[in-house]
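Notes for the one structure printed next.
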Amino acid sequence: MKCSIPVFSALACGLLAGCVAPRPQPVAHWPMTDGQGSAILADASGQGRTAAIEGNLQTGGGERANALVFSGETAGQAVFESPELTALTFAAWVKVAGLGEGDKPYPRVLELPGCFLHVNRQNPDRLGLTFRAGNNSWTSAGETFAPDAWTHLAVTYDGGNPAQPPVFYLNGRPGPRALGKLPEAPVTIKSGKSVIGNNLARNRPFQGLMGDVRIYDAALAAGEIKTLARRTPDGKPPEDVPVVYRDDLPIVDLSGWNHRQVVIAAGTPEIYQGHATTLLLADNRTMFAVWTYEHGGACGPMARSDDAGLTWTRLDDTLPPNYAKHRNCPSLYRIADPDGRERLWVFSGSRGMERLLSEDNGATWTEMPPLGFRCGMPFTGMIRLKDGRTAAFGQMRVEGTEQGVVMSVTADGGLTWTQPRVIAQQQGKNLCEPFALRSPDGNELCVLIRENHHTANSMMCFSRDEGETWTAPEDTSWGLTGDRHEGVQAPDGRWVIAFRDRALGSSTYGQFVAWVGTYDELRHARPGQFRIKLLHHYGTSRDGYTWANADTGYPGMELLPDGTIVATTYLKCWDDERRHSVVSTRFKLDELRLPKRRK
């Protein structure tokens with residue numbers, strides 16, 4: 001009796017010795033073996049799904065002329081008609097050369113109606129994947145791959161089973177999925193016009209080589225994916241490129257000092273506490289903290305500590321009701337007018353920089369008219385000038401999508417401000433979130449600047465005439481590379497500057513860290529002395545968005561009279577489904593077990 005007799009069920013057939021179930025066949029398969037200069041990609045599945053090449057794509061790439069070369073230009077794509085799918089598998093070999101010229105760095109591998117697989121950057125040297133089906137997205141977590149090396153990517157998904165998330169594969173190995181909301185009902189991917197290496201809007205172009213692209217109408221088993229990943233298009237076994245760290249400074253790790261940590265506002269599976277800043281009053285005991293709900297979201301939370309940050313009381317209900325409508329990363333400052341009268345201010349980055357005022361050291365707060373400045377962020381740096389005025393520093397879009405650093409001055413304790421003027425911009429750089437400090441001799445101002453393309457070091461500029469003129473922006477040292485700098489000068493004169501780590505090749509990339517060094521080392525872009533890992537952030541792309549691993553680091557930094565530094569941030573404090581919390585850690589430099597000084 002032969003296995004092919006149709007009256008037997010698949011189960012009965014499987015019970016017979018020697019009977020092997022047929023392997024799933026692709027419903028579309030582009031081996032990319034088309035000759036150089038071809039205008040089409042032939043479909044080897046037998047389903048007739050030829051893909052038409054558009055834009056500057058070149059066939060015949062790779063060592064064996066079996067890869068399609070994508071330039072990264074927005075016009076480049078290969079278009080085909082996809083079938084309706086419920087269960088599916090996408091698979092392809094890719095060699096990523098860059099993230100393309102689209103408006104966001106999410107180059108598509110494949111896009112079908114209501115469904116796509118794209119590449120995302122996990123850190124400067126590693127890449128990950130995002131898959132979307134229907135209204136739900138998942139991102140690969142825990143596993144990354146390297147650019148400029150052939151890597152086999154695959155994702156399997158059964159839309160008919162809403163309780164089953166997709167499975168990502170890198171070089172034939174399944175990886176953990178992203179945490180996220182599962183669909184409430186079965187998902188069907190409609191048939192229609194579809195794209196390889198871009199989207200129909202032509203703003204997600206792939207850049208690099210792509211070969212052996214396949215679509216199946218079934219969720220392949222792990223063994224079947226492994227078979228597809230045995231040989232690269234160049235005929236070699238795939239090589240897993242290890243992560244290589246290039247730390248330029250020693251690291252002191254304080255993240256395990258749990259007894260020094262204070263949770264100011266705990267996150268929950270539903271509540272994200274984000275973007276905290278702090279303010280210490282002149283009595284060196286009273287401290288305020290403000291933050292938002294969600295990333296760059298609604299303001300409203302405020303807390304006060306009467307014991308220098310050890311315990312906290314929430315003040316939300318005492319604030320002006322409209323404050324809950326302010327948005328985006330509030331900052332706190334104490335500003336004195338030339339006569340010495342002090343006012344407390346909260347600035348937020350919404351509707352022209354909205355603000356709250358307290359003239360009684362935070363006992364009561366009043367909403368003031370917004371400043372009317374074009375901004376996405378509030379002031380992030382502030383410093384008192386020699387003539388008694390106060391200079392504030394922020395950011396403003398100055399050219400296309402790029403930002404520059406601006407400066408505004410108040411002569412009346414923050415009630416009125418001069419129109420912001422640009423003090424730092426540079427072509428090809430996205431400069432934002434400045435922090436200001438003064439040299440030890442008092443004669444120079446320095447502004448440290450976030451560079452938001454994250455492809456090189458942070459930047460800085462200097463003024464020797466109290467902000468009237470500024471030097472051109474220049475690179476900081478590697479160790480000061482990060483987002484949203486904030487610092488204090490320790491009793492021994494050294495600066496301790498905290499930020500979100502964005503130093504290329506850093507083993508603490510995306511974590512809440514601090515740089516320790518002298519002003520002279522900062523000024524001349526010398527390495528400094530060491531860096532501190534202040535708290536551990538458990539965010540990864542399993543949280544459902546590609547930059548979750550770096551979603552921390554907007555700091556409050558306060559120095560107490562005994563030399564204690566209180567560093568506060570928002571971060572994913574626990575390795576579970578609880579979202580971001582506002583947390584501080586406390587330390588003194590002379591308590592640290594210092595690494596050996598670099599020669």
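We name chains A, B, ... following the order of the structure tokens; residues begin at 1 in each chain, and ligands are numbered from 1 as shown.
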Give the alpha helix (DSSP H) residues of range 191-264 of chain A, as assigned by DSSP on the backbone, as a ChimeraX atom specification. /A:222-228
Restricting it to C-alpha atoms, dump the selection as a short mmCIF file (atom, residue, chain, number, x, y, z; two decimals), in the first residue's frame.
data_model
loop_
_atom_site.label_atom_id
_atom_site.label_comp_id
_atom_site.auth_asym_id
_atom_site.auth_seq_id
_atom_site.Cartn_x
_atom_site.Cartn_y
_atom_site.Cartn_z
CA ALA A 222 12.06 25.22 13.46
CA GLY A 223 13.84 22.43 11.58
CA GLU A 224 12.57 23.73 8.26
CA ILE A 225 13.83 27.23 9.01
CA LYS A 226 17.19 25.81 10.02
CA THR A 227 17.45 24.04 6.66
CA LEU A 228 16.90 27.34 4.81
#
10 Å contact set for Glu466 in chain A, only C-alpha atoms, chain neighbours under 4 positions out, as a short mmCIF file (atom, residue, chain, number, x, y, z; two decimals) with C-alpha atoms, in the first residue's frame:
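Here's the written file out.cif:
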data_model
loop_
_atom_site.label_atom_id
_atom_site.label_comp_id
_atom_site.auth_asym_id
_atom_site.auth_seq_id
_atom_site.Cartn_x
_atom_site.Cartn_y
_atom_site.Cartn_z
CA ARG A 384 23.53 82.37 36.41
CA LEU A 385 25.54 85.02 34.61
CA LYS A 386 27.97 87.41 36.32
CA ASP A 387 25.63 90.40 35.97
CA ALA A 391 20.74 82.18 30.86
CA ARG A 438 31.11 76.99 34.35
CA GLY A 442 34.58 81.35 36.51
CA ASN A 443 35.52 82.87 33.17
CA GLU A 444 34.20 80.29 30.71
CA LEU A 445 30.80 78.77 30.03
CA PHE A 462 32.26 77.42 24.84
CA TRP A 470 30.23 80.93 21.24
#
Leu279 in chain A surroundings by only C-alpha atoms, 7 Å radius, close-in-sequence under 2 positions cut, as a PyMOL selection string: chain A and resi 281+287-289+332-333
So that I can see what lies close to Val406 in chain A, please list as a ChimeraX atom specification the residues with an atom at most 6 Å from it, counting only C-alpha atoms and leaving out residues fewer than 6 positions away in the same chain. /A:393-395,420-423
Mind running range 496-598 of chain A against range 471-486 of chain A at 10 Å and telling me each contacting residue's nearest atom pair with the distance in Å (one decimal), counting only C-alpha atoms, chain and number ascending, as JSON lines?
{"residue": "A:Val496", "atom": "CA", "partner": "A:Glu486", "partner_atom": "CA", "distance": 8.5}
{"residue": "A:Ile497", "atom": "CA", "partner": "A:Glu486", "partner_atom": "CA", "distance": 5.5}
{"residue": "A:Ala498", "atom": "CA", "partner": "A:Glu486", "partner_atom": "CA", "distance": 5.4}
{"residue": "A:Phe499", "atom": "CA", "partner": "A:His485", "partner_atom": "CA", "distance": 4.7}
{"residue": "A:Arg500", "atom": "CA", "partner": "A:Asp483", "partner_atom": "CA", "distance": 5.0}
{"residue": "A:Asp501", "atom": "CA", "partner": "A:Gly482", "partner_atom": "CA", "distance": 4.6}
{"residue": "A:Arg502", "atom": "CA", "partner": "A:Gly482", "partner_atom": "CA", "distance": 4.4}
{"residue": "A:Ala503", "atom": "CA", "partner": "A:Thr481", "partner_atom": "CA", "distance": 4.9}
{"residue": "A:Leu504", "atom": "CA", "partner": "A:Trp478", "partner_atom": "CA", "distance": 7.8}
{"residue": "A:Gly505", "atom": "CA", "partner": "A:Trp478", "partner_atom": "CA", "distance": 9.7}
{"residue": "A:Ser506", "atom": "CA", "partner": "A:Gly479", "partner_atom": "CA", "distance": 9.0}
{"residue": "A:Tyr509", "atom": "CA", "partner": "A:Gly482", "partner_atom": "CA", "distance": 9.0}
{"residue": "A:Gly510", "atom": "CA", "partner": "A:Gly482", "partner_atom": "CA", "distance": 8.6}
{"residue": "A:Gln511", "atom": "CA", "partner": "A:Gly482", "partner_atom": "CA", "distance": 9.8}
{"residue": "A:Phe512", "atom": "CA", "partner": "A:Gly482", "partner_atom": "CA", "distance": 9.5}
{"residue": "A:Val513", "atom": "CA", "partner": "A:Gly482", "partner_atom": "CA", "distance": 9.0}
{"residue": "A:Ala514", "atom": "CA", "partner": "A:Leu480", "partner_atom": "CA", "distance": 8.3}
{"residue": "A:Trp515", "atom": "CA", "partner": "A:Leu480", "partner_atom": "CA", "distance": 6.2}
{"residue": "A:Val516", "atom": "CA", "partner": "A:Gly479", "partner_atom": "CA", "distance": 9.0}
{"residue": "A:Gly517", "atom": "CA", "partner": "A:Gly479", "partner_atom": "CA", "distance": 9.9}
{"residue": "A:Glu521", "atom": "CA", "partner": "A:Ser477", "partner_atom": "CA", "distance": 8.8}
{"residue": "A:Leu522", "atom": "CA", "partner": "A:Thr476", "partner_atom": "CA", "distance": 7.2}
{"residue": "A:Arg523", "atom": "CA", "partner": "A:Thr476", "partner_atom": "CA", "distance": 8.2}
{"residue": "A:His524", "atom": "CA", "partner": "A:Thr476", "partner_atom": "CA", "distance": 8.2}
{"residue": "A:Ala525", "atom": "CA", "partner": "A:Ser477", "partner_atom": "CA", "distance": 4.5}
{"residue": "A:Arg526", "atom": "CA", "partner": "A:Ser477", "partner_atom": "CA", "distance": 5.8}
{"residue": "A:Pro527", "atom": "CA", "partner": "A:Ser477", "partner_atom": "CA", "distance": 5.7}
{"residue": "A:Gly528", "atom": "CA", "partner": "A:Gly479", "partner_atom": "CA", "distance": 7.3}
{"residue": "A:Gln529", "atom": "CA", "partner": "A:Gly479", "partner_atom": "CA", "distance": 9.2}
{"residue": "A:Phe530", "atom": "CA", "partner": "A:Gly479", "partner_atom": "CA", "distance": 8.1}
{"residue": "A:Arg531", "atom": "CA", "partner": "A:Gly479", "partner_atom": "CA", "distance": 7.3}
{"residue": "A:Ala550", "atom": "CA", "partner": "A:Asp483", "partner_atom": "CA", "distance": 9.7}
{"residue": "A:Thr552", "atom": "CA", "partner": "A:Asp483", "partner_atom": "CA", "distance": 9.4}
{"residue": "A:Gly553", "atom": "CA", "partner": "A:Arg484", "partner_atom": "CA", "distance": 7.2}
{"residue": "A:Tyr554", "atom": "CA", "partner": "A:Arg484", "partner_atom": "CA", "distance": 5.7}
{"residue": "A:Pro555", "atom": "CA", "partner": "A:Glu486", "partner_atom": "CA", "distance": 6.3}
{"residue": "A:Gly556", "atom": "CA", "partner": "A:Glu486", "partner_atom": "CA", "distance": 6.8}
{"residue": "A:Met557", "atom": "CA", "partner": "A:Glu486", "partner_atom": "CA", "distance": 6.3}
{"residue": "A:Glu558", "atom": "CA", "partner": "A:Glu486", "partner_atom": "CA", "distance": 9.6}
{"residue": "A:Ala567", "atom": "CA", "partner": "A:Glu486", "partner_atom": "CA", "distance": 9.5}
For the residues in that selection, give me C-alpha atoms as a PDB file, in the first residue's frame.
ATOM      1  CA  VAL A 496      30.116  64.008  37.907  1.00  0.00           C
ATOM      2  CA  ILE A 497      27.926  64.227  34.813  1.00  0.00           C
ATOM      3  CA  ALA A 498      25.070  61.749  34.311  1.00  0.00           C
ATOM      4  CA  PHE A 499      23.301  60.859  31.056  1.00  0.00           C
ATOM      5  CA  ARG A 500      21.902  58.066  28.913  1.00  0.00           C
ATOM      6  CA  ASP A 501      24.940  56.242  27.518  1.00  0.00           C
ATOM      7  CA  ARG A 502      25.252  56.544  23.724  1.00  0.00           C
ATOM      8  CA  ALA A 503      28.997  55.964  23.363  1.00  0.00           C
ATOM      9  CA  LEU A 504      29.719  53.741  20.372  1.00  0.00           C
ATOM     10  CA  GLY A 505      30.966  50.331  21.433  1.00  0.00           C
ATOM     11  CA  SER A 506      30.125  50.900  25.094  1.00  0.00           C
ATOM     12  CA  TYR A 509      25.112  51.418  25.930  1.00  0.00           C
ATOM     13  CA  GLY A 510      21.605  52.663  26.714  1.00  0.00           C
ATOM     14  CA  GLN A 511      22.141  52.534  30.488  1.00  0.00           C
ATOM     15  CA  PHE A 512      22.083  55.342  33.094  1.00  0.00           C
ATOM     16  CA  VAL A 513      25.740  56.260  33.612  1.00  0.00           C
ATOM     17  CA  ALA A 514      27.929  59.116  34.826  1.00  0.00           C
ATOM     18  CA  TRP A 515      31.302  60.428  33.674  1.00  0.00           C
ATOM     19  CA  VAL A 516      33.842  61.522  36.300  1.00  0.00           C
ATOM     20  CA  GLY A 517      36.651  63.910  35.448  1.00  0.00           C
ATOM     21  CA  GLU A 521      39.728  66.945  30.886  1.00  0.00           C
ATOM     22  CA  LEU A 522      36.253  67.836  29.670  1.00  0.00           C
ATOM     23  CA  ARG A 523      37.437  71.064  28.003  1.00  0.00           C
ATOM     24  CA  HIS A 524      40.165  69.369  25.975  1.00  0.00           C
ATOM     25  CA  ALA A 525      38.169  66.223  25.130  1.00  0.00           C
ATOM     26  CA  ARG A 526      40.471  64.027  27.163  1.00  0.00           C
ATOM     27  CA  PRO A 527      39.044  60.696  28.361  1.00  0.00           C
ATOM     28  CA  GLY A 528      38.389  61.611  31.992  1.00  0.00           C
ATOM     29  CA  GLN A 529      38.948  59.217  34.871  1.00  0.00           C
ATOM     30  CA  PHE A 530      36.164  56.637  34.911  1.00  0.00           C
ATOM     31  CA  ARG A 531      32.471  56.128  34.347  1.00  0.00           C
ATOM     32  CA  ALA A 550      17.959  53.118  25.768  1.00  0.00           C
ATOM     33  CA  THR A 552      16.302  55.908  30.447  1.00  0.00           C
ATOM     34  CA  GLY A 553      18.747  58.545  31.598  1.00  0.00           C
ATOM     35  CA  TYR A 554      16.986  61.919  31.796  1.00  0.00           C
ATOM     36  CA  PRO A 555      18.568  62.744  35.145  1.00  0.00           C
ATOM     37  CA  GLY A 556      18.248  64.839  38.208  1.00  0.00           C
ATOM     38  CA  MET A 557      21.637  65.387  39.881  1.00  0.00           C
ATOM     39  CA  GLU A 558      21.852  66.952  43.353  1.00  0.00           C
ATOM     40  CA  ALA A 567      21.138  60.775  40.954  1.00  0.00           C
TER      41      ALA A 567
END
